[in-house]
Structure formats: C-alpha cells, structure tokens
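Coordinates as given in work_28.txt (compact mmCIF, C-alpha atoms):
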```txt
# COMPACT_ATOMS: atom_id res chain seq x y z
CA MET A 5 46.71 -21.02 32.11
CA TRP A 6 44.56 -19.58 34.88
CA ASN A 7 44.84 -22.77 36.91
CA THR A 8 48.48 -23.59 36.15
CA ARG A 9 49.80 -20.00 36.43
CA ASP A 10 52.08 -20.80 33.46
CA PHE A 11 52.35 -17.36 31.87
CA ASP A 12 54.91 -18.52 29.30
CA ALA A 13 52.25 -20.83 27.86
CA LEU A 14 50.42 -17.76 26.58
CA ASP A 15 53.28 -17.02 24.18
CA ALA A 16 52.64 -20.38 22.53
CA VAL A 17 48.89 -19.87 22.06
CA ILE A 18 48.37 -16.12 21.52
CA ALA A 19 49.62 -14.44 18.33
CA ALA A 20 51.97 -11.47 18.66
CA ASP A 21 49.36 -9.18 17.08
CA ALA A 22 46.26 -10.75 18.69
CA VAL A 23 43.35 -8.44 19.49
CA ASP A 24 41.24 -8.80 22.66
CA HIS A 25 37.73 -7.33 22.75
CA ASP A 26 36.95 -7.24 26.47
CA PRO A 27 35.34 -4.11 27.92
CA GLN A 28 36.66 -5.03 31.39
CA ASN A 29 40.27 -5.40 30.21
CA PRO A 30 42.26 -2.21 30.92
CA TYR A 31 44.96 -3.50 28.53
CA ALA A 32 42.64 -4.41 25.62
CA ALA A 33 44.02 -1.64 23.39
CA GLU A 34 47.38 -3.46 23.35
CA ARG A 35 48.04 -6.50 21.18
CA GLY A 36 49.61 -9.88 21.81
CA PRO A 37 50.17 -12.10 24.85
CA GLU A 38 51.79 -9.51 27.15
CA PRO A 39 48.58 -7.56 27.91
CA GLN A 40 46.85 -10.86 28.67
CA LYS A 41 49.61 -11.75 31.12
CA ARG A 42 49.17 -8.40 32.88
CA LEU A 43 45.40 -8.86 33.02
CA ILE A 44 45.68 -12.34 34.52
CA ARG A 45 48.29 -11.16 37.04
CA MET A 46 45.93 -8.31 38.04
CA TYR A 47 43.10 -10.77 38.74
CA LEU A 48 45.39 -13.25 40.52
CA ALA A 49 46.68 -10.46 42.79
CA ALA A 50 43.08 -9.73 43.79
CA PHE A 51 41.90 -13.37 43.82
CA PRO A 52 45.03 -15.47 44.54
CA ASP A 53 43.10 -18.74 44.74
CA CYS A 54 41.27 -18.10 41.46
CA ALA A 55 40.27 -21.26 39.63
CA MET A 56 38.68 -21.52 36.20
CA ARG A 57 36.42 -24.30 34.99
CA VAL A 58 35.37 -24.91 31.40
CA ASP A 59 31.63 -25.62 31.45
CA ALA A 60 31.13 -26.06 27.70
CA GLN A 61 33.14 -25.64 24.54
CA ILE A 62 32.10 -25.56 20.89
CA ALA A 63 34.53 -25.41 17.96
CA GLU A 64 33.70 -24.62 14.35
CA ALA A 65 36.05 -23.59 11.55
CA ASP A 66 38.58 -21.17 13.11
CA ALA A 67 36.51 -20.32 16.21
CA VAL A 68 36.17 -21.82 19.69
CA VAL A 69 33.41 -20.70 22.06
CA THR A 70 34.00 -21.41 25.74
CA ARG A 71 31.49 -21.01 28.56
CA TRP A 72 33.42 -20.82 31.82
CA THR A 73 33.06 -20.35 35.57
CA ALA A 74 35.65 -18.66 37.78
CA THR A 75 35.80 -18.86 41.57
CA GLY A 76 38.08 -17.16 44.04
CA THR A 77 38.50 -15.24 47.27
CA ASN A 78 39.10 -11.49 47.18
CA ASP A 79 42.26 -11.37 49.31
CA GLY A 80 43.94 -8.51 47.43
CA ASP A 81 43.05 -5.05 46.16
CA PHE A 82 40.89 -5.12 43.03
CA MET A 83 40.73 -2.18 40.63
CA GLY A 84 41.27 0.34 43.40
CA MET A 85 38.99 -1.41 45.91
CA PRO A 86 40.42 -2.92 49.09
CA ALA A 87 40.23 -6.67 49.64
CA THR A 88 36.94 -7.91 51.08
CA GLY A 89 37.88 -11.49 51.95
CA LYS A 90 34.68 -12.60 50.19
CA SER A 91 34.45 -15.71 48.05
CA VAL A 92 32.99 -15.09 44.60
CA THR A 93 31.80 -17.01 41.57
CA THR A 94 31.32 -15.51 38.13
CA GLN A 95 30.55 -16.88 34.69
CA GLY A 96 31.35 -15.79 31.19
CA ILE A 97 31.72 -16.66 27.55
CA SER A 98 34.85 -16.30 25.44
CA ILE A 99 35.03 -16.57 21.66
CA SER A 100 38.50 -17.14 20.25
CA HIS A 101 39.48 -17.06 16.58
CA PHE A 102 42.56 -19.05 15.58
CA GLN A 103 45.04 -18.78 12.76
CA GLY A 104 48.14 -20.92 12.48
CA GLY A 105 47.33 -22.59 15.81
CA LYS A 106 47.27 -19.31 17.76
CA VAL A 107 44.54 -16.99 18.99
CA VAL A 108 44.39 -13.93 16.73
CA GLU A 109 41.21 -12.37 18.12
CA SER A 110 39.06 -12.93 21.18
CA TRP A 111 35.76 -11.61 22.48
CA ASN A 112 34.90 -11.89 26.17
CA CYS A 113 31.68 -11.22 28.03
CA TRP A 114 31.22 -12.03 31.69
CA ASP A 115 29.05 -11.16 34.68
CA THR A 116 30.92 -8.15 36.02
CA LEU A 117 27.86 -6.79 37.84
CA GLY A 118 27.36 -10.10 39.64
CA LEU A 119 31.00 -10.09 40.74
CA LEU A 120 30.72 -6.53 42.07
CA GLN A 121 27.49 -7.41 43.88
CA GLN A 122 29.19 -10.39 45.56
CA LEU A 123 32.01 -8.08 46.65
CA GLY A 124 29.46 -5.67 48.15
CA VAL A 125 30.23 -2.82 45.74
CA PHE A 126 26.64 -2.77 44.46
CA PRO A 127 23.54 -4.07 46.23
CA ALA A 128 22.25 -7.41 45.02
CA THR A 129 18.99 -7.25 43.08
CA THR A 130 15.98 -9.22 44.19
```

Write the structure described by the file as structure tokens, please.
Amino acid sequence: MWNTRDFDALDAVIAADAVDHDPQNPYAAERGPEPQKRLIRMYLAAFPDCAMRVDAQIAEADAVVTRWTATGTNDGDFMGMPATGKSVTTQGISISHFQGGKVVESWNCWDTLGLLQQLGVFPATT
C-alpha cells in the first residue's frame, strides 16, 4: 500500500474494528482502515517519495511479523515541523494478527528517534 498509494486496498485487508497499537500514530484510538489511511496520507504529505521495503517476514498461526525499512525525502511539513529537504531512512517491526483474512490488531515499533535525528530535530548520538 505504501508503495502503490492504493488506499482502497486497505479496506480489503483491515477489519472494520481493527485496533492499531502504535505510540506514534495520532489516530491509534480509532478503529478500522480509515485511521490508517489518514496516517499514511500524513506521512506521504511529509515524505512524498516514501518507499517501503520488506526486509523479513515471519508468519505463524494468525500472526505475521514484518521487519521493514522506509526511505523518503522530507519535502512537506511533518507533525508541525517545516520541511527540511533531507533524505531519511528508518526501520521498524510490525506484528499483525489476522482473522478471516483481515488484520484485526497490529503492533508497530520503529526508530522514531533516528528519524528525528536525521531531520535535525535532535542531535545525533555518537
């Protein structure tokens, strides 16, 4: 979805009452595919050339764990911060639980600090 920009595809893979546990998601309290669409649009507005790569994936029972890498250029405002024009790379892990072929719950953890350091919001550690 991130690479194709096909927002309608989310309706086919995310349950109407799906729960997202992502501390960086300002819409996480809401359920279903619509908050995910808003979240992705928010990131694409800030990083219009955003591309996602699946680095590894493990499936067992009703769960799929995905380790991913995202790259992009900060050409738009991001969470109240003006665009920097900087290219960034961040990595994360997502755990999705499925029922009836749709995601019913997801957990996401990614390197927010590293992203903010690349944008110059926080100094890089040495």

| said: Between A:Thr77, A:Thr116, A:Gln103, A:Thr8, which residue has the minimum interatomic distance to Gln28 in chain A, considering all atoms listed in the file? | reply: A:Thr116

| query | Between A:Ala128, A:Met56, A:Val92, A:Val107, which is the closest to Trp72 in chain A once you count only C-alpha atoms? | reply | A:Met56

| note | Using all atoms listed in the file, the residue out of A:His101, A:Ala20, A:Tyr47, A:Trp114 with shortest distance to Glu34 in chain A is A:Ala20

Within 6 Å of file point (31.4, -24.7, 30.4), counting all atoms listed in the file, expressed as a PDB file with C-alpha atoms, keeping the file's coordinate frame:
```pdb
ATOM      1  CA  VAL A  58      35.370 -24.910  31.400  1.00  0.00           C
ATOM      2  CA  ASP A  59      31.630 -25.620  31.450  1.00  0.00           C
ATOM      3  CA  ALA A  60      31.130 -26.060  27.700  1.00  0.00           C
ATOM      4  CA  ARG A  71      31.490 -21.010  28.560  1.00  0.00           C
ATOM      5  CA  TRP A  72      33.420 -20.820  31.820  1.00  0.00           C
TER       6      TRP A  72
END
```

| task | Find the residues near Ser91 in chain A: any atom within 12 Å, counting all atoms listed in the file, skip ones fewer than 3 places away on the same chain, and give them as JSON, numbers by chain. | result | {"A": [50, 51, 52, 53, 54, 55, 74, 75, 76, 77, 78, 79, 80, 87, 88, 94, 119, 120, 121, 122, 123, 124]}

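Distance-wise, CA of Gly105 in chain A and CA of Lys41 in chain A end up 18.9 Å apart.
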
| request: With a distance cut-off of 8 Å and only C-alpha atoms, select the neighbouring residues of Ile99 in chain A, excluding the residue or stretch itself and same-chain residues fewer than 4 positions from it, and output the selection as a PyMOL selection string. | output: chain A and resi 67-70+110-112

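Rounded to one decimal, CA of His25 in chain A and CA of Phe126 in chain A lie 24.8 Å from each other.
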
| request: Have a look at A:Ala49, A:Ser98, A:Asp21, A:Asp15 and name the one nearest to Gly36 in chain A; count all atoms listed in the file. | output: A:Asp21

| Atom-to-atom span, CA of Asn7 in chain A and CA of Glu64 in chain A, Å |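 Separating CA of Asn7 in chain A from CA of Glu64 in chain A is a distance of 25.2 Å.
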
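Counting only C-alpha atoms, the residue from A:Met83, A:Val125, A:Val23, A:Ala33 that sits nearest to Ser100 in chain A is A:Val23.
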
| message | Taking all atoms listed in the file into account, name the residue in A:Asp24, A:Asp10, A:Asp66, A:Glu38 that is nearest to Lys106 in chain A. | response |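 Closest to Lys106 in chain A of all the choices is A:Asp66.
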
What would range 51-80 of chain A look like with N, CA and C atoms restored, written as a PDB file, in the coordinates of the input?
```
ATOM      1  N   PHE A  51      42.535 -12.085  43.510  1.00  0.00           N
ATOM      2  CA  PHE A  51      41.900 -13.370  43.820  1.00  0.00           C
ATOM      3  C   PHE A  51      42.967 -14.465  43.698  1.00  0.00           C
ATOM      4  N   PRO A  52      43.881 -14.563  44.667  1.00  0.00           N
ATOM      5  CA  PRO A  52      45.030 -15.470  44.540  1.00  0.00           C
ATOM      6  C   PRO A  52      44.672 -16.942  44.380  1.00  0.00           C
ATOM      7  N   ASP A  53      43.508 -17.341  44.868  1.00  0.00           N
ATOM      8  CA  ASP A  53      43.100 -18.740  44.740  1.00  0.00           C
ATOM      9  C   ASP A  53      42.169 -18.956  43.549  1.00  0.00           C
ATOM     10  N   CYS A  54      42.147 -18.020  42.630  1.00  0.00           N
ATOM     11  CA  CYS A  54      41.270 -18.100  41.460  1.00  0.00           C
ATOM     12  C   CYS A  54      41.423 -19.428  40.742  1.00  0.00           C
ATOM     13  N   ALA A  55      40.290 -20.026  40.417  1.00  0.00           N
ATOM     14  CA  ALA A  55      40.270 -21.260  39.630  1.00  0.00           C
ATOM     15  C   ALA A  55      39.232 -21.106  38.529  1.00  0.00           C
ATOM     16  N   MET A  56      39.581 -21.586  37.352  1.00  0.00           N
ATOM     17  CA  MET A  56      38.680 -21.520  36.200  1.00  0.00           C
ATOM     18  C   MET A  56      38.231 -22.934  35.848  1.00  0.00           C
ATOM     19  N   ARG A  57      36.968 -23.022  35.436  1.00  0.00           N
ATOM     20  CA  ARG A  57      36.420 -24.300  34.990  1.00  0.00           C
ATOM     21  C   ARG A  57      35.766 -24.088  33.631  1.00  0.00           C
ATOM     22  N   VAL A  58      36.043 -24.948  32.694  1.00  0.00           N
ATOM     23  CA  VAL A  58      35.370 -24.910  31.400  1.00  0.00           C
ATOM     24  C   VAL A  58      34.065 -25.682  31.544  1.00  0.00           C
ATOM     25  N   ASP A  59      32.948 -24.992  31.317  1.00  0.00           N
ATOM     26  CA  ASP A  59      31.630 -25.620  31.450  1.00  0.00           C
ATOM     27  C   ASP A  59      31.142 -26.203  30.133  1.00  0.00           C
ATOM     28  N   ALA A  60      31.511 -25.572  29.031  1.00  0.00           N
ATOM     29  CA  ALA A  60      31.130 -26.060  27.700  1.00  0.00           C
ATOM     30  C   ALA A  60      32.064 -25.436  26.683  1.00  0.00           C
ATOM     31  N   GLN A  61      32.277 -26.161  25.594  1.00  0.00           N
ATOM     32  CA  GLN A  61      33.140 -25.640  24.540  1.00  0.00           C
ATOM     33  C   GLN A  61      32.623 -26.149  23.198  1.00  0.00           C
ATOM     34  N   ILE A  62      32.554 -25.227  22.237  1.00  0.00           N
ATOM     35  CA  ILE A  62      32.100 -25.560  20.890  1.00  0.00           C
ATOM     36  C   ILE A  62      33.133 -25.006  19.916  1.00  0.00           C
ATOM     37  N   ALA A  63      33.560 -25.839  18.972  1.00  0.00           N
ATOM     38  CA  ALA A  63      34.530 -25.410  17.960  1.00  0.00           C
ATOM     39  C   ALA A  63      33.917 -25.567  16.580  1.00  0.00           C
ATOM     40  N   GLU A  64      34.130 -24.553  15.747  1.00  0.00           N
ATOM     41  CA  GLU A  64      33.700 -24.620  14.350  1.00  0.00           C
ATOM     42  C   GLU A  64      34.610 -23.730  13.523  1.00  0.00           C
ATOM     43  N   ALA A  65      35.115 -24.304  12.444  1.00  0.00           N
ATOM     44  CA  ALA A  65      36.050 -23.590  11.550  1.00  0.00           C
ATOM     45  C   ALA A  65      37.218 -23.065  12.380  1.00  0.00           C
ATOM     46  N   ASP A  66      37.428 -21.747  12.396  1.00  0.00           N
ATOM     47  CA  ASP A  66      38.580 -21.170  13.110  1.00  0.00           C
ATOM     48  C   ASP A  66      38.206 -20.622  14.483  1.00  0.00           C
ATOM     49  N   ALA A  67      36.990 -20.919  14.958  1.00  0.00           N
ATOM     50  CA  ALA A  67      36.510 -20.320  16.210  1.00  0.00           C
ATOM     51  C   ALA A  67      36.240 -21.380  17.277  1.00  0.00           C
ATOM     52  N   VAL A  68      36.512 -21.002  18.529  1.00  0.00           N
ATOM     53  CA  VAL A  68      36.170 -21.820  19.690  1.00  0.00           C
ATOM     54  C   VAL A  68      35.405 -20.936  20.666  1.00  0.00           C
ATOM     55  N   VAL A  69      34.228 -21.401  21.073  1.00  0.00           N
ATOM     56  CA  VAL A  69      33.410 -20.700  22.060  1.00  0.00           C
ATOM     57  C   VAL A  69      33.509 -21.474  23.365  1.00  0.00           C
ATOM     58  N   THR A  70      33.843 -20.777  24.434  1.00  0.00           N
ATOM     59  CA  THR A  70      34.000 -21.410  25.740  1.00  0.00           C
ATOM     60  C   THR A  70      33.107 -20.724  26.755  1.00  0.00           C
ATOM     61  N   ARG A  71      32.255 -21.524  27.418  1.00  0.00           N
ATOM     62  CA  ARG A  71      31.490 -21.010  28.560  1.00  0.00           C
ATOM     63  C   ARG A  71      32.242 -21.469  29.793  1.00  0.00           C
ATOM     64  N   TRP A  72      32.539 -20.527  30.690  1.00  0.00           N
ATOM     65  CA  TRP A  72      33.420 -20.820  31.820  1.00  0.00           C
ATOM     66  C   TRP A  72      32.854 -20.277  33.130  1.00  0.00           C
ATOM     67  N   THR A  73      33.369 -20.820  34.218  1.00  0.00           N
ATOM     68  CA  THR A  73      33.060 -20.350  35.570  1.00  0.00           C
ATOM     69  C   THR A  73      34.377 -20.108  36.290  1.00  0.00           C
ATOM     70  N   ALA A  74      34.463 -18.981  36.975  1.00  0.00           N
ATOM     71  CA  ALA A  74      35.650 -18.660  37.780  1.00  0.00           C
ATOM     72  C   ALA A  74      35.221 -18.499  39.234  1.00  0.00           C
ATOM     73  N   THR A  75      36.043 -19.020  40.136  1.00  0.00           N
ATOM     74  CA  THR A  75      35.800 -18.860  41.570  1.00  0.00           C
ATOM     75  C   THR A  75      37.079 -18.327  42.211  1.00  0.00           C
ATOM     76  N   GLY A  76      36.916 -17.654  43.320  1.00  0.00           N
ATOM     77  CA  GLY A  76      38.080 -17.160  44.040  1.00  0.00           C
ATOM     78  C   GLY A  76      37.690 -16.371  45.266  1.00  0.00           C
ATOM     79  N   THR A  77      38.688 -16.028  46.052  1.00  0.00           N
ATOM     80  CA  THR A  77      38.500 -15.240  47.270  1.00  0.00           C
ATOM     81  C   THR A  77      39.226 -13.921  47.097  1.00  0.00           C
ATOM     82  N   ASN A  78      38.534 -12.830  47.366  1.00  0.00           N
ATOM     83  CA  ASN A  78      39.100 -11.490  47.180  1.00  0.00           C
ATOM     84  C   ASN A  78      40.014 -11.144  48.358  1.00  0.00           C
ATOM     85  N   ASP A  79      41.265 -11.609  48.257  1.00  0.00           N
ATOM     86  CA  ASP A  79      42.260 -11.370  49.310  1.00  0.00           C
ATOM     87  C   ASP A  79      43.252 -10.277  48.967  1.00  0.00           C
ATOM     88  N   GLY A  80      43.054  -9.598  47.832  1.00  0.00           N
ATOM     89  CA  GLY A  80      43.940  -8.510  47.430  1.00  0.00           C
ATOM     90  C   GLY A  80      43.132  -7.366  46.840  1.00  0.00           C
TER      91      GLY A  80
END
```
